[in-house]
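coords_34.pdb (PDB, C-alpha atoms) appears below.
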ATOM      1  CA  MET A   1     -13.306   1.499 101.685
ATOM      2  CA  PRO A   2     -13.413   4.515 103.984
ATOM      3  CA  LYS A   3     -10.281   6.623 104.171
ATOM      4  CA  LEU A   4     -10.864   8.130 107.577
ATOM      5  CA  TYR A   5     -11.674   6.258 110.761
ATOM      6  CA  TRP A   6     -12.075   7.477 114.325
ATOM      7  CA  GLU A   7      -8.358   6.853 114.941
ATOM      8  CA  ASP A   8      -7.459   9.433 112.294
ATOM      9  CA  PHE A   9      -8.775  12.347 114.343
ATOM     10  CA  SER A  10      -6.815  13.958 117.137
ATOM     11  CA  VAL A  11      -7.409  16.910 119.426
ATOM     12  CA  GLY A  12      -6.236  20.186 117.932
ATOM     13  CA  GLN A  13      -6.385  18.987 114.329
ATOM     14  CA  VAL A  14      -7.524  21.731 111.961
ATOM     15  CA  ALA A  15      -8.690  21.281 108.378
ATOM     16  CA  ASP A  16     -10.280  23.577 105.806
ATOM     17  CA  TYR A  17     -12.963  22.520 103.327
ATOM     18  CA  GLY A  18     -14.716  24.185 100.411
ATOM     19  CA  PRO A  19     -15.128  26.736  98.917
ATOM     20  CA  ARG A  20     -18.716  26.872  97.769
ATOM     21  CA  LEU A  21     -20.290  29.846  96.018
ATOM     22  CA  VAL A  22     -23.629  31.131  97.329
ATOM     23  CA  THR A  23     -26.014  32.448  94.665
ATOM     24  CA  ALA A  24     -29.196  34.536  94.915
ATOM     25  CA  GLU A  25     -31.053  31.785  93.054
ATOM     26  CA  GLU A  26     -30.121  29.149  95.622
ATOM     27  CA  ILE A  27     -30.889  31.430  98.572
ATOM     28  CA  LYS A  28     -34.361  32.070  97.154
ATOM     29  CA  ALA A  29     -35.047  28.463  96.144
ATOM     30  CA  PHE A  30     -34.161  27.184  99.625
ATOM     31  CA  ALA A  31     -36.271  29.904 101.242
ATOM     32  CA  ALA A  32     -39.279  29.198  99.034
ATOM     33  CA  GLU A  33     -39.222  25.592 100.204
ATOM     34  CA  PHE A  34     -38.137  25.850 103.833
ATOM     35  CA  ASP A  35     -37.970  29.409 105.170
ATOM     36  CA  PRO A  36     -40.311  31.711 103.225
ATOM     37  CA  GLN A  37     -39.580  34.999 104.998
ATOM     38  CA  PRO A  38     -39.067  38.311 103.120
ATOM     39  CA  MET A  39     -35.333  38.699 103.852
ATOM     40  CA  HIS A  40     -34.616  35.322 102.220
ATOM     41  CA  LEU A  41     -37.091  35.419  99.312
ATOM     42  CA  ASP A  42     -36.714  38.628  97.386
ATOM     43  CA  GLU A  43     -34.261  41.549  97.094
ATOM     44  CA  GLU A  44     -36.999  44.163  97.077
ATOM     45  CA  ALA A  45     -38.878  42.738 100.080
ATOM     46  CA  ALA A  46     -35.575  42.339 101.954
ATOM     47  CA  ARG A  47     -34.955  46.107 101.920
ATOM     48  CA  SER A  48     -37.451  46.769 104.673
ATOM     49  CA  THR A  49     -36.074  44.015 106.946
ATOM     50  CA  MET A  50     -33.457  44.284 109.678
ATOM     51  CA  ILE A  51     -30.515  43.238 107.473
ATOM     52  CA  GLY A  52     -31.762  45.402 104.587
ATOM     53  CA  GLU A  53     -30.775  43.067 101.777
ATOM     54  CA  LEU A  54     -31.269  39.516 100.566
ATOM     55  CA  CYS A  55     -29.555  37.047 102.902
ATOM     56  CA  ALA A  56     -29.626  33.297 103.332
ATOM     57  CA  SER A  57     -31.714  31.381 105.835
ATOM     58  CA  GLY A  58     -29.563  30.150 108.713
ATOM     59  CA  TRP A  59     -30.740  26.651 107.809
ATOM     60  CA  TYR A  60     -29.409  27.134 104.303
ATOM     61  CA  THR A  61     -26.015  27.950 105.800
ATOM     62  CA  CYS A  62     -26.202  24.769 107.907
ATOM     63  CA  SER A  63     -27.175  22.730 104.842
ATOM     64  CA  ILE A  64     -24.406  24.195 102.666
ATOM     65  CA  MET A  65     -21.917  23.554 105.482
ATOM     66  CA  MET A  66     -23.050  19.927 105.545
ATOM     67  CA  ARG A  67     -22.535  19.578 101.802
ATOM     68  CA  ILE A  68     -19.039  21.056 102.093
ATOM     69  CA  LEU A  69     -18.245  18.551 104.887
ATOM     70  CA  VAL A  70     -19.650  15.535 103.024
ATOM     71  CA  ASP A  71     -17.603  16.443  99.946
ATOM     72  CA  GLY A  72     -14.615  17.362 102.086
ATOM     73  CA  PHE A  73     -14.225  14.274 104.255
ATOM     74  CA  LEU A  74     -17.413  12.579 105.468
ATOM     75  CA  ARG A  75     -18.241  10.693 102.265
ATOM     76  CA  ASP A  76     -14.907   8.848 102.389
ATOM     77  CA  SER A  77     -15.036   8.129 106.089
ATOM     78  CA  SER A  78     -16.550   5.642 108.515
ATOM     79  CA  SER A  79     -18.975   8.339 109.698
ATOM     80  CA  MET A  80     -22.020   6.988 111.486
ATOM     81  CA  GLY A  81     -23.696  10.375 111.743
ATOM     82  CA  GLY A  82     -24.116  13.127 114.273
ATOM     83  CA  LEU A  83     -26.142  13.019 117.446
ATOM     84  CA  GLY A  84     -27.021  16.670 117.377
ATOM     85  CA  VAL A  85     -25.644  20.163 117.646
ATOM     86  CA  GLU A  86     -24.273  21.443 120.937
ATOM     87  CA  GLU A  87     -24.389  25.053 119.853
ATOM     88  CA  ALA A  88     -24.769  26.947 116.597
ATOM     89  CA  LYS A  89     -24.443  30.704 116.172
ATOM     90  CA  TRP A  90     -25.435  32.697 113.138
ATOM     91  CA  LEU A  91     -22.902  35.499 113.402
ATOM     92  CA  ALA A  92     -23.130  37.470 110.161
ATOM     93  CA  PRO A  93     -25.382  37.526 107.081
ATOM     94  CA  VAL A  94     -24.656  35.135 104.201
ATOM     95  CA  ARG A  95     -25.185  36.987 100.932
ATOM     96  CA  PRO A  96     -25.233  36.213  97.205
ATOM     97  CA  GLY A  97     -21.655  36.030  95.904
ATOM     98  CA  ASP A  98     -20.205  34.804  99.198
ATOM     99  CA  LEU A  99     -17.637  32.053  98.796
ATOM    100  CA  LEU A 100     -17.945  29.886 101.898
ATOM    101  CA  THR A 101     -15.315  27.664 103.452
ATOM    102  CA  VAL A 102     -15.500  25.532 106.588
ATOM    103  CA  ARG A 103     -12.713  25.260 109.149
ATOM    104  CA  ALA A 104     -12.975  22.135 111.285
ATOM    105  CA  THR A 105     -11.187  21.922 114.644
ATOM    106  CA  VAL A 106     -11.196  18.689 116.658
ATOM    107  CA  LEU A 107     -11.954  19.543 120.308
ATOM    108  CA  GLU A 108     -12.129  16.102 121.883
ATOM    109  CA  THR A 109     -11.987  12.417 121.044
ATOM    110  CA  ARG A 110     -13.878   9.856 123.084
ATOM    111  CA  THR A 111     -14.678   6.173 123.261
ATOM    112  CA  LEU A 112     -17.409   4.248 125.008
ATOM    113  CA  ASN A 113     -16.613   0.939 126.720
ATOM    114  CA  SER A 114     -20.029  -0.372 125.721
ATOM    115  CA  ARG A 115     -19.422   0.378 122.017
ATOM    116  CA  PRO A 116     -15.934  -0.860 121.113
ATOM    117  CA  ASP A 117     -16.613  -0.598 117.358
ATOM    118  CA  ARG A 118     -16.948   3.167 117.311
ATOM    119  CA  GLY A 119     -15.699   6.425 118.740
ATOM    120  CA  PHE A 120     -16.813  10.013 119.025
ATOM    121  CA  ILE A 121     -15.212  13.314 118.111
ATOM    122  CA  ARG A 122     -16.358  16.717 119.318
ATOM    123  CA  VAL A 123     -15.607  19.182 116.602
ATOM    124  CA  SER A 124     -16.226  22.854 115.985
ATOM    125  CA  PHE A 125     -16.995  24.082 112.492
ATOM    126  CA  ASP A 126     -16.455  27.718 111.595
ATOM    127  CA  VAL A 127     -18.046  28.851 108.357
ATOM    128  CA  LEU A 128     -16.140  31.770 106.827
ATOM    129  CA  ASN A 129     -16.848  33.973 103.825
ATOM    130  CA  ASN A 130     -14.213  35.183 101.369
ATOM    131  CA  ALA A 131     -13.767  38.416 103.349
ATOM    132  CA  GLY A 132     -12.638  36.275 106.284
ATOM    133  CA  THR A 133     -15.795  36.988 108.316
ATOM    134  CA  LYS A 134     -17.061  34.125 110.433
ATOM    135  CA  VAL A 135     -20.705  33.787 109.411
ATOM    136  CA  MET A 136     -21.548  30.733 111.514
ATOM    137  CA  SER A 137     -19.966  28.603 114.207
ATOM    138  CA  LEU A 138     -21.248  25.221 115.293
ATOM    139  CA  THR A 139     -20.099  22.542 117.719
ATOM    140  CA  THR A 140     -21.209  18.960 117.336
ATOM    141  CA  LEU A 141     -20.499  15.380 118.405
ATOM    142  CA  LEU A 142     -19.839  13.008 115.496
ATOM    143  CA  MET A 143     -19.658   9.215 115.596
ATOM    144  CA  PHE A 144     -17.138   7.243 113.506
ATOM    145  CA  GLY A 145     -16.363   3.564 113.103
ATOM    146  CA  ARG A 146     -12.960   2.457 114.426
ATOM    147  CA  ARG A 147     -10.347   0.891 112.211
ATOM    148  CA  GLU A 148      -9.365  -1.382 115.066
ATOM    149  CA  PRO A 149     -12.178  -2.151 117.480
ATOM    150  CA  ALA A 150     -11.097  -1.850 121.124
ATOM    151  CA  ARG A 151     -10.554  -5.129 122.996
TER     152      ARG A 151
ATOM    153  CA  MET B 152     -49.501  43.967 110.016
ATOM    154  CA  PRO B 153     -47.947  41.291 112.244
ATOM    155  CA  LYS B 154     -50.312  39.394 114.515
ATOM    156  CA  LEU B 155     -47.771  38.361 117.123
ATOM    157  CA  TYR B 156     -45.336  40.626 118.937
ATOM    158  CA  TRP B 157     -42.878  39.917 121.727
ATOM    159  CA  GLU B 158     -45.586  40.792 124.286
ATOM    160  CA  ASP B 159     -47.726  37.897 123.069
ATOM    161  CA  PHE B 160     -45.305  35.249 124.363
ATOM    162  CA  SER B 161     -45.185  34.159 127.981
ATOM    163  CA  VAL B 162     -43.225  31.541 129.882
ATOM    164  CA  GLY B 163     -44.883  28.132 129.829
ATOM    165  CA  GLN B 164     -46.934  28.801 126.695
ATOM    166  CA  VAL B 165     -47.250  25.693 124.537
ATOM    167  CA  ALA B 166     -48.437  25.570 120.932
ATOM    168  CA  ASP B 167     -48.526  22.852 118.286
ATOM    169  CA  TYR B 168     -47.860  23.408 114.591
ATOM    170  CA  GLY B 169     -48.043  21.262 111.472
ATOM    171  CA  PRO B 170     -48.474  18.511 110.411
ATOM    172  CA  ARG B 171     -46.228  18.046 107.424
ATOM    173  CA  LEU B 172     -45.847  14.787 105.528
ATOM    174  CA  VAL B 173     -42.310  13.533 104.809
ATOM    175  CA  THR B 174     -41.869  11.749 101.474
ATOM    176  CA  ALA B 175     -39.059   9.571 100.117
ATOM    177  CA  GLU B 176     -38.776  11.933  97.144
ATOM    178  CA  GLU B 177     -38.152  14.954  99.375
ATOM    179  CA  ILE B 178     -35.695  13.090 101.609
ATOM    180  CA  LYS B 179     -33.673  12.082  98.537
ATOM    181  CA  ALA B 180     -33.879  15.467  96.818
ATOM    182  CA  PHE B 181     -32.631  17.271  99.922
ATOM    183  CA  ALA B 182     -29.846  14.724 100.374
ATOM    184  CA  ALA B 183     -28.731  14.968  96.748
ATOM    185  CA  GLU B 184     -28.259  18.695  97.204
ATOM    186  CA  PHE B 185     -27.014  19.022 100.781
ATOM    187  CA  ASP B 186     -26.192  15.702 102.454
ATOM    188  CA  PRO B 187     -25.325  13.036  99.869
ATOM    189  CA  GLN B 188     -24.725  10.070 102.175
ATOM    190  CA  PRO B 189     -26.086   6.552 101.471
ATOM    191  CA  MET B 190     -28.674   6.449 104.287
ATOM    192  CA  HIS B 191     -30.360   9.586 102.926
ATOM    193  CA  LEU B 192     -30.050   8.955  99.171
ATOM    194  CA  ASP B 193     -31.339   5.518  98.314
ATOM    195  CA  GLU B 194     -33.375   2.702  99.936
ATOM    196  CA  GLU B 195     -31.023  -0.003  98.683
ATOM    197  CA  ALA B 196     -27.821   1.738  99.795
ATOM    198  CA  ALA B 197     -29.408   2.572 103.169
ATOM    199  CA  ARG B 198     -29.779  -1.132 104.045
ATOM    200  CA  SER B 199     -26.115  -1.507 104.893
ATOM    201  CA  THR B 200     -26.018   1.601 107.111
ATOM    202  CA  MET B 201     -26.537   1.852 110.876
ATOM    203  CA  ILE B 202     -30.251   2.705 110.658
ATOM    204  CA  GLY B 203     -30.835   0.091 107.954
ATOM    205  CA  GLU B 204     -33.377   2.035 105.937
ATOM    206  CA  LEU B 205     -33.847   5.344 104.163
ATOM    207  CA  CYS B 206     -33.998   8.208 106.657
ATOM    208  CA  ALA B 207     -33.859  11.983 106.419
ATOM    209  CA  SER B 208     -30.779  14.142 106.916
ATOM    210  CA  GLY B 209     -30.903  15.863 110.301
ATOM    211  CA  TRP B 210     -30.651  19.134 108.382
ATOM    212  CA  TYR B 211     -33.748  18.213 106.416
ATOM    213  CA  THR B 212     -35.587  17.789 109.721
ATOM    214  CA  CYS B 213     -34.351  21.229 110.836
ATOM    215  CA  SER B 214     -35.454  22.748 107.519
ATOM    216  CA  ILE B 215     -38.900  21.121 107.615
ATOM    217  CA  MET B 216     -39.291  22.264 111.217
ATOM    218  CA  MET B 217     -38.510  25.817 110.087
ATOM    219  CA  ARG B 218     -41.141  25.635 107.348
ATOM    220  CA  ILE B 219     -43.727  24.398 109.836
ATOM    221  CA  LEU B 220     -42.853  27.304 112.165
ATOM    222  CA  VAL B 221     -42.950  29.952 109.420
ATOM    223  CA  ASP B 222     -46.366  28.712 108.285
ATOM    224  CA  GLY B 223     -47.494  28.252 111.885
ATOM    225  CA  PHE B 224     -46.687  31.640 113.391
ATOM    226  CA  LEU B 225     -43.478  33.341 112.253
ATOM    227  CA  ARG B 226     -44.781  34.704 108.946
ATOM    228  CA  ASP B 227     -47.502  36.718 110.711
ATOM    229  CA  SER B 228     -45.268  37.939 113.495
ATOM    230  CA  SER B 229     -42.743  40.677 114.180
ATOM    231  CA  SER B 230     -39.941  38.065 114.099
ATOM    232  CA  MET B 231     -36.486  39.533 113.567
ATOM    233  CA  GLY B 232     -34.831  36.137 113.269
ATOM    234  CA  GLY B 233     -32.885  33.766 115.445
ATOM    235  CA  LEU B 234     -29.391  34.229 116.788
ATOM    236  CA  GLY B 235     -28.542  30.571 116.727
ATOM    237  CA  VAL B 236     -29.325  27.234 118.283
ATOM    238  CA  GLU B 237     -28.452  26.504 121.899
ATOM    239  CA  GLU B 238     -28.819  22.784 121.481
ATOM    240  CA  ALA B 239     -30.337  20.404 118.939
ATOM    241  CA  LYS B 240     -30.658  16.639 119.332
ATOM    242  CA  TRP B 241     -31.528  14.179 116.616
ATOM    243  CA  LEU B 242     -33.312  11.565 118.717
ATOM    244  CA  ALA B 243     -34.919   9.134 116.274
ATOM    245  CA  PRO B 244     -34.897   8.533 112.507
ATOM    246  CA  VAL B 245     -37.275  10.524 110.285
ATOM    247  CA  ARG B 246     -38.680   8.187 107.621
ATOM    248  CA  PRO B 247     -40.855   8.426 104.514
ATOM    249  CA  GLY B 248     -44.519   8.595 105.526
ATOM    250  CA  ASP B 249     -43.836  10.343 108.832
ATOM    251  CA  LEU B 250     -46.283  13.118 109.608
ATOM    252  CA  LEU B 251     -44.300  15.697 111.600
ATOM    253  CA  THR B 252     -45.640  18.238 114.054
ATOM    254  CA  VAL B 253     -43.753  20.792 116.142
ATOM    255  CA  ARG B 254     -44.539  21.549 119.776
ATOM    256  CA  ALA B 255     -43.212  24.948 120.877
ATOM    257  CA  THR B 256     -42.716  25.726 124.577
ATOM    258  CA  VAL B 257     -41.691  29.204 125.704
ATOM    259  CA  LEU B 258     -38.904  28.854 128.295
ATOM    260  CA  GLU B 259     -38.015  32.474 128.963
ATOM    261  CA  THR B 260     -38.810  36.008 127.829
ATOM    262  CA  ARG B 261     -36.198  38.737 127.996
ATOM    263  CA  THR B 262     -35.634  42.374 127.143
ATOM    264  CA  LEU B 263     -32.487  44.411 126.663
ATOM    265  CA  ASN B 264     -32.283  47.972 128.016
ATOM    266  CA  SER B 265     -30.168  48.966 125.044
ATOM    267  CA  ARG B 266     -32.796  47.715 122.545
ATOM    268  CA  PRO B 267     -36.211  48.978 123.674
ATOM    269  CA  ASP B 268     -37.844  48.145 120.329
ATOM    270  CA  ARG B 269     -37.402  44.378 120.635
ATOM    271  CA  GLY B 270     -37.412  41.435 122.992
ATOM    272  CA  PHE B 271     -36.177  37.872 123.064
ATOM    273  CA  ILE B 272     -37.844  34.558 123.734
ATOM    274  CA  ARG B 273     -36.044  31.322 124.532
ATOM    275  CA  VAL B 274     -38.116  28.519 123.161
ATOM    276  CA  SER B 275     -37.797  24.772 122.829
ATOM    277  CA  PHE B 276     -39.164  23.015 119.771
ATOM    278  CA  ASP B 277     -39.956  19.309 119.898
ATOM    279  CA  VAL B 278     -40.490  17.643 116.546
ATOM    280  CA  LEU B 279     -42.802  14.628 116.863
ATOM    281  CA  ASN B 280     -43.894  11.989 114.363
ATOM    282  CA  ASN B 281     -47.407  10.568 114.118
ATOM    283  CA  ALA B 282     -46.464   7.670 116.425
ATOM    284  CA  GLY B 283     -45.750  10.278 119.124
ATOM    285  CA  THR B 284     -41.983   9.699 119.007
ATOM    286  CA  LYS B 285     -39.837  12.776 119.551
ATOM    287  CA  VAL B 286     -37.490  12.805 116.544
ATOM    288  CA  MET B 287     -35.725  16.095 117.297
ATOM    289  CA  SER B 288     -35.526  18.659 120.065
ATOM    290  CA  LEU B 289     -34.033  22.089 119.697
ATOM    291  CA  THR B 290     -33.673  25.151 121.910
ATOM    292  CA  THR B 291     -33.156  28.580 120.431
ATOM    293  CA  LEU B 292     -33.289  32.313 121.185
ATOM    294  CA  LEU B 293     -35.640  34.267 118.906
ATOM    295  CA  MET B 294     -35.910  38.027 118.554
ATOM    296  CA  PHE B 295     -39.266  39.800 118.056
ATOM    297  CA  GLY B 296     -40.296  43.414 117.670
ATOM    298  CA  ARG B 297     -42.344  44.828 120.556
ATOM    299  CA  ARG B 298     -45.847  46.181 120.087
ATOM    300  CA  GLU B 299     -45.079  48.909 122.600
ATOM    301  CA  PRO B 300     -41.410  49.910 122.779
ATOM    302  CA  ALA B 301     -40.159  50.183 126.351
ATOM    303  CA  ARG B 302     -39.680  53.697 127.711
TER     304      ARG B 302
END
Go ahead and render the structure in this file as structure tokens.
Amino acid sequence: MPKLYWEDFSVGQVADYGPRLVTAEEIKAFAAEFDPQPMHLDEEAARSTMIGELCASGWYTCSIMMRILVDGFLRDSSSMGGLGVEEAKWLAPVRPGDLLTVRATVLETRTLNSRPDRGFIRVSFDVLNNAGTKVMSLTTLLMFGRREPAR
Amino acid sequence: MPKLYWEDFSVGQVADYGPRLVTAEEIKAFAAEFDPQPMHLDEEAARSTMIGELCASGWYTCSIMMRILVDGFLRDSSSMGGLGVEEAKWLAPVRPGDLLTVRATVLETRTLNSRPDRGFIRVSFDVLNNAGTKVMSLTTLLMFGRREPAR
């Protein structure tokens, strides 16, 4: 049984999830499969790029964030998925050795008269490294089943 | 030497990249690592979810799109990376057997007086399956080196 339903979210709620360690091996493995550019593939090749050292693909950061969120609360919830991303910003490089956490802030809760079994939450996720630097921010609309369908 | 510089993009340009075949094995492998939810992990477990069958994580679709774009034009360009995503929408399920292509449309080109060595392009990417269904759309701002720095 899910632990969290739509009713369990309220505007202003803040929760922290993680941490998850980023390794050079994972950065390179993800890049080899999905984003084979020099700054993500190899320390030596990364030296002549803008950042100047090995850093993670932005899509790796998104994917790691998702894993932190699934482990943190989505797996034990009535989540019905996301409809998309309203905005995502890659703010600072993610590097080997970074310990990432995700801070979730509920911005809005919504229902739809035509869909009494579910509700929506707009939430912002800030991904932070262990130095406290925000490396990514993302806002999204998530759909959750309701504990008590509206009548 | 890069083939494509900022000067090579112009508003209204359209280009198609791919295709790339999506397999059940890849959907599950990505999910096991980054998005372990029933609809992405296992055909049997997916039957009781909203979509009713195995479908890819939205982040897998983003990652595959990135690979198509790197192979299609970014690897041989002066790309300096993306700053983020303005908006992404997951519009339809991505399923095993789908052959994905990406249609890129240049929306805007921009320079910055303070950065004469580079320019920006705002571009929308539509990810389509082989039935012609748009499965994802995404708008982003990409940064490219200029062939001729502004003076």
Nearest to chain B: which of A:Val102, A:Val14, A:Cys62, A:Ala29 is it, counting only C-alpha atoms?
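Closest to chain B of all the choices is A:Cys62.
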Closest of B:Thr174, B:Gln188, B:Thr200, B:Thr252 to Asp71 of chain A - atom-to-atom distances counting only C-alpha atoms
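With only C-alpha atoms as the atom set, the closest residue is B:Gln188.
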What lies within 10 Å of segment 120-128 of chain A using only C-alpha atoms, ignoring chain neighbours under 5 positions off, as a ChimeraX atom specification?
/A:6-7,9-19,61-62,64-65,69,79-80,82-83,85-92,94,98-112,133-146
Result set of the PyMOL selection byres ((chain A and resi 30) around 12) on the coordinates above, as a PyMOL selection string
(chain A and resi 22-29+31-37+40-42+55-64) or (chain B and resi 181+184-185+211+214-215+217-218)
Counting only C-alpha atoms, which residue out of A:Lys3, A:Arg151, A:Glu43, A:Gly132 sits closest to Asp76 of chain A?
A:Lys3
Quick one: distance from atom CA of Ile219 of chain B to atom CA of Leu172 of chain B in Å, one decimal?
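Going from atom CA of Ile219 of chain B over to atom CA of Leu172 of chain B covers 10.7 Å.
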B:Pro300, B:Gly232, B:Pro267, B:Pro247: which is nearest chain A, counting only C-alpha atoms?
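Answer, going by the shortest atom-to-atom distance: B:Gly232.
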Mind working out the centre and edge lengths of an axis-aligned box for segment 39-55 of chain A, all listed atoms inside, 8 Å added to each side, rounded to one decimal in Å and written as JSON?
{"center_x": -34.2, "center_y": 41.0, "center_z": 103.4, "size_x": 25.3, "size_y": 27.4, "size_z": 28.6}
Separation of atom CA of Arg171 of chain B from atom CA of Tyr156 of chain B in Å:
25.4 Å
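Across A:Leu4, A:Ala45, A:Leu54, A:Val70, the tightest approach to chain B is made by A:Val70 when counting all atoms listed in the file.
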Restricting the calculation to only C-alpha atoms, which member of A:Arg95, A:Arg147, A:Arg47, A:Arg75 is positioned closest to chain B?
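Selected residue with least distance to chain B: A:Arg75.
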Just the number, please: distance in Å from atom CA of Leu225 of chain B to atom CA of Pro153 of chain B, one decimal.
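Going from atom CA of Leu225 of chain B over to atom CA of Pro153 of chain B covers 9.1 Å.
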Would you kindly place N, CA and C atoms on segment 271-295 of chain B and return the model as a PDB file, keeping the file's coordinate frame?
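Contents of the output file result-v3.pdb:
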ATOM      1  N   PHE B 271     -36.642  39.211 123.424  1.00  0.00           N
ATOM      2  CA  PHE B 271     -36.177  37.872 123.064  1.00  0.00           C
ATOM      3  C   PHE B 271     -37.066  36.829 123.720  1.00  0.00           C
ATOM      4  N   ILE B 272     -37.238  35.710 123.066  1.00  0.00           N
ATOM      5  CA  ILE B 272     -37.844  34.558 123.734  1.00  0.00           C
ATOM      6  C   ILE B 272     -36.934  33.345 123.538  1.00  0.00           C
ATOM      7  N   ARG B 273     -36.718  32.628 124.636  1.00  0.00           N
ATOM      8  CA  ARG B 273     -36.044  31.322 124.532  1.00  0.00           C
ATOM      9  C   ARG B 273     -37.137  30.292 124.433  1.00  0.00           C
ATOM     10  N   VAL B 274     -37.034  29.457 123.425  1.00  0.00           N
ATOM     11  CA  VAL B 274     -38.116  28.519 123.161  1.00  0.00           C
ATOM     12  C   VAL B 274     -37.532  27.152 122.827  1.00  0.00           C
ATOM     13  N   SER B 275     -38.213  26.106 123.251  1.00  0.00           N
ATOM     14  CA  SER B 275     -37.797  24.772 122.829  1.00  0.00           C
ATOM     15  C   SER B 275     -38.821  24.254 121.831  1.00  0.00           C
ATOM     16  N   PHE B 276     -38.309  23.626 120.788  1.00  0.00           N
ATOM     17  CA  PHE B 276     -39.164  23.015 119.771  1.00  0.00           C
ATOM     18  C   PHE B 276     -38.949  21.506 119.813  1.00  0.00           C
ATOM     19  N   ASP B 277     -40.027  20.762 120.003  1.00  0.00           N
ATOM     20  CA  ASP B 277     -39.956  19.309 119.898  1.00  0.00           C
ATOM     21  C   ASP B 277     -40.638  18.896 118.607  1.00  0.00           C
ATOM     22  N   VAL B 278     -39.904  18.154 117.783  1.00  0.00           N
ATOM     23  CA  VAL B 278     -40.490  17.643 116.546  1.00  0.00           C
ATOM     24  C   VAL B 278     -40.934  16.205 116.805  1.00  0.00           C
ATOM     25  N   LEU B 279     -42.209  15.935 116.563  1.00  0.00           N
ATOM     26  CA  LEU B 279     -42.802  14.628 116.863  1.00  0.00           C
ATOM     27  C   LEU B 279     -43.320  13.995 115.581  1.00  0.00           C
ATOM     28  N   ASN B 280     -43.243  12.662 115.495  1.00  0.00           N
ATOM     29  CA  ASN B 280     -43.894  11.989 114.363  1.00  0.00           C
ATOM     30  C   ASN B 280     -45.290  11.518 114.776  1.00  0.00           C
ATOM     31  N   ASN B 281     -46.011  10.927 113.839  1.00  0.00           N
ATOM     32  CA  ASN B 281     -47.407  10.568 114.118  1.00  0.00           C
ATOM     33  C   ASN B 281     -47.545   9.373 115.055  1.00  0.00           C
ATOM     34  N   ALA B 282     -46.428   8.707 115.387  1.00  0.00           N
ATOM     35  CA  ALA B 282     -46.464   7.670 116.425  1.00  0.00           C
ATOM     36  C   ALA B 282     -46.215   8.290 117.799  1.00  0.00           C
ATOM     37  N   GLY B 283     -45.994   9.606 117.848  1.00  0.00           N
ATOM     38  CA  GLY B 283     -45.750  10.278 119.124  1.00  0.00           C
ATOM     39  C   GLY B 283     -44.290  10.238 119.552  1.00  0.00           C
ATOM     40  N   THR B 284     -43.414   9.746 118.690  1.00  0.00           N
ATOM     41  CA  THR B 284     -41.983   9.699 119.007  1.00  0.00           C
ATOM     42  C   THR B 284     -41.359  11.068 118.764  1.00  0.00           C
ATOM     43  N   LYS B 285     -40.551  11.514 119.725  1.00  0.00           N
ATOM     44  CA  LYS B 285     -39.837  12.776 119.551  1.00  0.00           C
ATOM     45  C   LYS B 285     -38.620  12.501 118.662  1.00  0.00           C
ATOM     46  N   VAL B 286     -38.595  13.069 117.474  1.00  0.00           N
ATOM     47  CA  VAL B 286     -37.490  12.805 116.544  1.00  0.00           C
ATOM     48  C   VAL B 286     -36.387  13.859 116.653  1.00  0.00           C
ATOM     49  N   MET B 287     -36.745  15.054 117.116  1.00  0.00           N
ATOM     50  CA  MET B 287     -35.725  16.095 117.297  1.00  0.00           C
ATOM     51  C   MET B 287     -36.186  17.045 118.387  1.00  0.00           C
ATOM     52  N   SER B 288     -35.225  17.563 119.159  1.00  0.00           N
ATOM     53  CA  SER B 288     -35.526  18.659 120.065  1.00  0.00           C
ATOM     54  C   SER B 288     -34.487  19.734 119.846  1.00  0.00           C
ATOM     55  N   LEU B 289     -34.897  20.956 120.024  1.00  0.00           N
ATOM     56  CA  LEU B 289     -34.033  22.089 119.697  1.00  0.00           C
ATOM     57  C   LEU B 289     -34.416  23.266 120.586  1.00  0.00           C
ATOM     58  N   THR B 290     -33.418  23.950 121.113  1.00  0.00           N
ATOM     59  CA  THR B 290     -33.673  25.151 121.910  1.00  0.00           C
ATOM     60  C   THR B 290     -32.991  26.333 121.231  1.00  0.00           C
ATOM     61  N   THR B 291     -33.696  27.442 121.163  1.00  0.00           N
ATOM     62  CA  THR B 291     -33.156  28.580 120.431  1.00  0.00           C
ATOM     63  C   THR B 291     -33.626  29.897 121.056  1.00  0.00           C
ATOM     64  N   LEU B 292     -32.941  30.975 120.723  1.00  0.00           N
ATOM     65  CA  LEU B 292     -33.289  32.313 121.185  1.00  0.00           C
ATOM     66  C   LEU B 292     -33.786  33.100 119.971  1.00  0.00           C
ATOM     67  N   LEU B 293     -35.058  33.525 120.024  1.00  0.00           N
ATOM     68  CA  LEU B 293     -35.640  34.267 118.906  1.00  0.00           C
ATOM     69  C   LEU B 293     -35.867  35.720 119.307  1.00  0.00           C
ATOM     70  N   MET B 294     -35.769  36.596 118.325  1.00  0.00           N
ATOM     71  CA  MET B 294     -35.910  38.027 118.554  1.00  0.00           C
ATOM     72  C   MET B 294     -37.204  38.510 117.882  1.00  0.00           C
ATOM     73  N   PHE B 295     -38.011  39.262 118.604  1.00  0.00           N
ATOM     74  CA  PHE B 295     -39.266  39.800 118.056  1.00  0.00           C
ATOM     75  C   PHE B 295     -39.375  41.291 118.340  1.00  0.00           C
TER      76      PHE B 295
END
